[in-house]
file query05.pdb (PDB, C-alpha atoms)
ATOM      1  CA  MET A 170      23.409 159.889  78.260
ATOM      2  CA  GLY A 171      24.938 160.862  81.601
ATOM      3  CA  ASP A 172      22.877 158.269  83.446
ATOM      4  CA  GLN A 173      23.949 155.617  80.951
ATOM      5  CA  LEU A 174      27.607 156.500  81.405
ATOM      6  CA  ALA A 175      27.346 156.405  85.201
ATOM      7  CA  GLU A 176      25.495 153.076  84.948
ATOM      8  CA  THR A 177      28.203 151.698  82.659
ATOM      9  CA  TRP A 178      30.816 152.628  85.261
ATOM     10  CA  ALA A 179      28.749 151.019  88.033
ATOM     11  CA  ILE A 180      28.406 147.757  86.080
ATOM     12  CA  HIS A 181      32.145 147.639  85.452
ATOM     13  CA  ASP A 182      32.860 148.398  89.100
ATOM     14  CA  ARG A 183      30.618 145.516  90.222
ATOM     15  CA  VAL A 184      32.526 143.119  87.959
ATOM     16  CA  ASN A 185      35.738 144.003  89.805
ATOM     17  CA  LEU A 186      34.052 143.205  93.101
ATOM     18  CA  TYR A 187      32.631 139.922  91.772
ATOM     19  CA  LEU A 188      36.129 138.859  90.784
ATOM     20  CA  LEU A 189      37.631 139.857  94.117
ATOM     21  CA  ARG A 190      34.958 137.872  95.972
ATOM     22  CA  ALA A 191      35.733 134.821  93.821
ATOM     23  CA  VAL A 192      39.458 134.878  94.604
ATOM     24  CA  PRO A 193      40.359 132.614  97.529
ATOM     25  CA  ALA A 194      41.885 134.617 100.379
ATOM     26  CA  ASP A 195      45.055 132.537 100.265
ATOM     27  CA  ALA A 196      45.517 133.446  96.580
ATOM     28  CA  LEU A 197      45.925 137.193  97.229
ATOM     29  CA  GLY A 198      49.678 136.685  97.539
ATOM     30  CA  ALA A 199      49.954 134.734  94.273
ATOM     31  CA  THR A 200      51.897 136.166  91.360
ATOM     32  CA  ILE A 201      52.942 134.982  87.929
ATOM     33  CA  GLY A 202      56.558 135.852  88.603
ATOM     34  CA  PRO A 203      58.958 137.685  90.882
ATOM     35  CA  LYS A 204      58.694 141.008  89.051
ATOM     36  CA  PHE A 205      54.901 141.082  88.908
ATOM     37  CA  ARG A 206      52.301 142.392  91.313
ATOM     38  CA  THR A 207      50.496 139.906  93.511
ATOM     39  CA  VAL A 208      46.771 139.358  93.036
ATOM     40  CA  GLY A 209      46.131 141.571  96.066
ATOM     41  CA  GLY A 210      48.590 144.086  94.674
ATOM     42  CA  LEU A 211      46.661 144.252  91.402
ATOM     43  CA  PHE A 212      43.414 145.065  93.194
ATOM     44  CA  ALA A 213      45.245 147.631  95.326
ATOM     45  CA  HIS A 214      46.756 149.172  92.175
ATOM     46  CA  VAL A 215      43.295 149.569  90.612
ATOM     47  CA  HIS A 216      42.100 151.364  93.747
ATOM     48  CA  ASN A 217      45.214 153.529  93.966
ATOM     49  CA  VAL A 218      44.971 154.639  90.319
ATOM     50  CA  ARG A 219      41.394 155.697  90.985
ATOM     51  CA  LEU A 220      42.691 157.812  93.864
ATOM     52  CA  MET A 221      45.304 159.363  91.579
ATOM     53  CA  TRP A 222      42.577 160.524  89.184
ATOM     54  CA  LEU A 223      40.362 161.741  92.008
ATOM     55  CA  LYS A 224      43.259 163.769  93.416
ATOM     56  CA  SER A 225      43.705 165.431  90.038
ATOM     57  CA  ALA A 226      40.071 165.902  89.015
ATOM     58  CA  ALA A 227      38.033 166.159  92.234
ATOM     59  CA  PRO A 228      40.154 166.160  95.397
ATOM     60  CA  ASP A 229      37.108 166.744  97.599
ATOM     61  CA  LEU A 230      35.988 163.203  96.718
ATOM     62  CA  LEU A 231      39.090 161.768  98.418
ATOM     63  CA  ASP A 232      37.643 162.355 101.895
ATOM     64  CA  GLY A 233      37.842 159.074 103.784
ATOM     65  CA  LEU A 234      39.823 157.303 101.067
ATOM     66  CA  ALA A 235      43.396 156.088 101.490
ATOM     67  CA  LYS A 236      45.923 154.212  99.402
ATOM     68  CA  VAL A 237      46.114 150.465  99.880
ATOM     69  CA  GLU A 238      49.412 148.627  99.968
ATOM     70  CA  GLY A 239      49.015 145.373  98.078
ATOM     71  CA  ALA A 240      51.321 143.383 100.330
ATOM     72  CA  ASP A 241      49.194 144.235 103.366
ATOM     73  CA  ALA A 242      45.777 143.927 101.742
ATOM     74  CA  ASP A 243      43.150 141.455 102.817
ATOM     75  CA  LYS A 244      39.892 140.729 100.989
ATOM     76  CA  ALA A 245      37.704 142.756 103.322
ATOM     77  CA  GLY A 246      40.005 145.767 103.148
ATOM     78  CA  LEU A 247      40.302 145.556  99.381
ATOM     79  CA  GLU A 248      36.547 145.240  98.961
ATOM     80  CA  ALA A 249      35.905 148.228 101.209
ATOM     81  CA  ALA A 250      38.527 150.311  99.396
ATOM     82  CA  LEU A 251      37.295 149.386  95.917
ATOM     83  CA  THR A 252      33.673 149.979  96.890
ATOM     84  CA  ALA A 253      34.476 153.451  98.215
ATOM     85  CA  SER A 254      36.731 154.471  95.332
ATOM     86  CA  GLY A 255      34.202 153.079  92.837
ATOM     87  CA  ARG A 256      31.485 155.277  94.330
ATOM     88  CA  ALA A 257      33.778 158.297  94.264
ATOM     89  CA  VAL A 258      34.672 157.746  90.599
ATOM     90  CA  GLY A 259      30.953 157.349  89.865
ATOM     91  CA  GLU A 260      30.360 160.748  91.453
ATOM     92  CA  LEU A 261      33.240 162.208  89.429
ATOM     93  CA  VAL A 262      31.612 160.880  86.249
ATOM     94  CA  ARG A 263      28.236 162.379  87.201
ATOM     95  CA  ARG A 264      29.863 165.741  87.939
ATOM     96  CA  ALA A 265      31.808 165.671  84.681
ATOM     97  CA  VAL A 266      28.649 164.968  82.682
ATOM     98  CA  ALA A 267      26.888 167.840  84.453
ATOM     99  CA  ALA A 268      29.851 170.121  83.651
ATOM    100  CA  GLY A 269      29.578 169.515  79.921
ATOM    101  CA  GLY A 270      31.695 166.374  79.734
ATOM    102  CA  LYS A 271      34.983 167.724  81.063
ATOM    103  CA  VAL A 272      37.226 165.844  83.487
ATOM    104  CA  LYS A 273      39.932 168.043  84.940
ATOM    105  CA  GLY A 274      43.335 166.724  83.901
ATOM    106  CA  PHE A 275      42.004 164.329  81.243
ATOM    107  CA  LYS A 276      41.387 164.975  77.563
ATOM    108  CA  PRO A 277      39.271 164.819  75.551
ATOM    109  CA  HIS A 278      36.062 164.132  77.573
ATOM    110  CA  VAL A 279      34.336 162.047  80.231
ATOM    111  CA  VAL A 280      33.326 159.251  77.847
ATOM    112  CA  ALA A 281      36.981 158.691  76.931
ATOM    113  CA  PHE A 282      37.874 158.893  80.631
ATOM    114  CA  VAL A 283      35.438 156.124  81.528
ATOM    115  CA  GLY A 284      36.690 154.110  78.562
ATOM    116  CA  TYR A 285      40.267 154.536  79.740
ATOM    117  CA  LEU A 286      39.432 153.448  83.297
ATOM    118  CA  ILE A 287      37.479 150.419  82.120
ATOM    119  CA  ALA A 288      40.284 149.355  79.762
ATOM    120  CA  HIS A 289      42.952 149.828  82.430
ATOM    121  CA  GLU A 290      41.067 147.971  85.127
ATOM    122  CA  SER A 291      39.986 145.183  82.761
ATOM    123  CA  HIS A 292      43.615 144.634  81.808
ATOM    124  CA  HIS A 293      44.422 144.037  85.468
ATOM    125  CA  ARG A 294      41.389 141.759  85.893
ATOM    126  CA  GLY A 295      42.895 139.675  83.129
ATOM    127  CA  GLN A 296      46.166 139.495  85.030
ATOM    128  CA  VAL A 297      44.290 138.329  88.134
ATOM    129  CA  GLY A 298      42.743 135.524  86.091
TER
END
call {"tool": "encode", "arguments": {"input": "query05.pdb", "output": "structure tokens"}}
result
Amino acid sequence: MGDQLAETWAIHDRVNLYLLRAVPADALGATIGPKFRTVGGLFAHVHNVRLMWLKSAAPDLLDGLAKVEGADADKAGLEAALTASGRAVGELVRRAVAAGGKVKGFKPHVVAFVGYLIAHESHHRGQVG
């Protein structure tokens, strides 16, 4: 089951990257209103929330990763950041499965953790659309 869970995460992560690649570069600054994140800001937020969980559950996986400010993000930078944080979360999932399904700082288990991340990130993909 651990391989299936890691594969599920990887599929979801690829969908985020497919969407980012489909967004025109000049649309990264678009927003649905003044109090909403920009398209680039939404992708940055997804990356930054991943970093928040990595900091809590597996800080050693943060090596080489940094927060992204949405206002300053370009497509190449966002893609690189999301690719790296997606790999790190994948490693966190594999470690959690190997440790009996526990994710430090998240209850009840790794399956729920992956479900939470997918739901959260999918919500923001919908906002991008």
call {"tool": "atom_distance", "arguments": {"input": "query05.pdb", "atom1": "atom CA of A:Leu231", "atom2": "atom CA of A:His292"}}
result
24.3 Å
call {"tool": "closest_residue", "arguments": {"input": "query05.pdb", "among": "A:Glu238, A:Asp182, A:Asp195, A:Asp243", "to": "A:Ala257", "atoms": "all atoms listed in the file"}}
result
A:Asp182
call {"tool": "resolve_selection", "arguments": {"input": "query05.pdb", "expression": "the PyMOL selection byres ((chain A and resi 209) around 10)", "output": "list in words"}}
result
Leu189, Val192, Ala194, Ala196, Leu197, Gly198, Ala199, Thr200, Arg206, Thr207, Val208, Gly210, Leu211, Phe212, Ala213, His214, Val237, Glu238, Gly239, Ala240, Asp241, Ala242, Asp243, Lys244, Leu247 and Val297 of chain A
call {"tool": "residues_around", "arguments": {"input": "query05.pdb", "residues": "A:Val279", "least_positions_apart": "6", "cutoff": "6 Å", "atoms": "all atoms listed in the file", "output": "ChimeraX atom specification"}}
result
/A:270-272
call {"tool": "residues_around", "arguments": {"input": "query05.pdb", "residues": "A:Gly269", "least_positions_apart": "2", "cutoff": "12 Å", "atoms": "all atoms listed in the file", "output": "list in words"}}
result
Met170, Gly171, Val262, Arg263, Arg264, Ala265, Val266, Ala267, Lys271, Val272, Lys273, Pro277, His278, Val279 and Val280 of chain A
call {"tool": "atom_distance", "arguments": {"input": "query05.pdb", "atom1": "atom CA of A:Lys276", "atom2": "atom CA of A:Ala250"}}
result
26.5 Å
call {"tool": "closest_residue", "arguments": {"input": "query05.pdb", "among": "A:His293, A:Leu261, A:Arg256, A:Ala249", "to": "A:Asp229", "atoms": "all atoms listed in the file"}}
result
A:Leu261
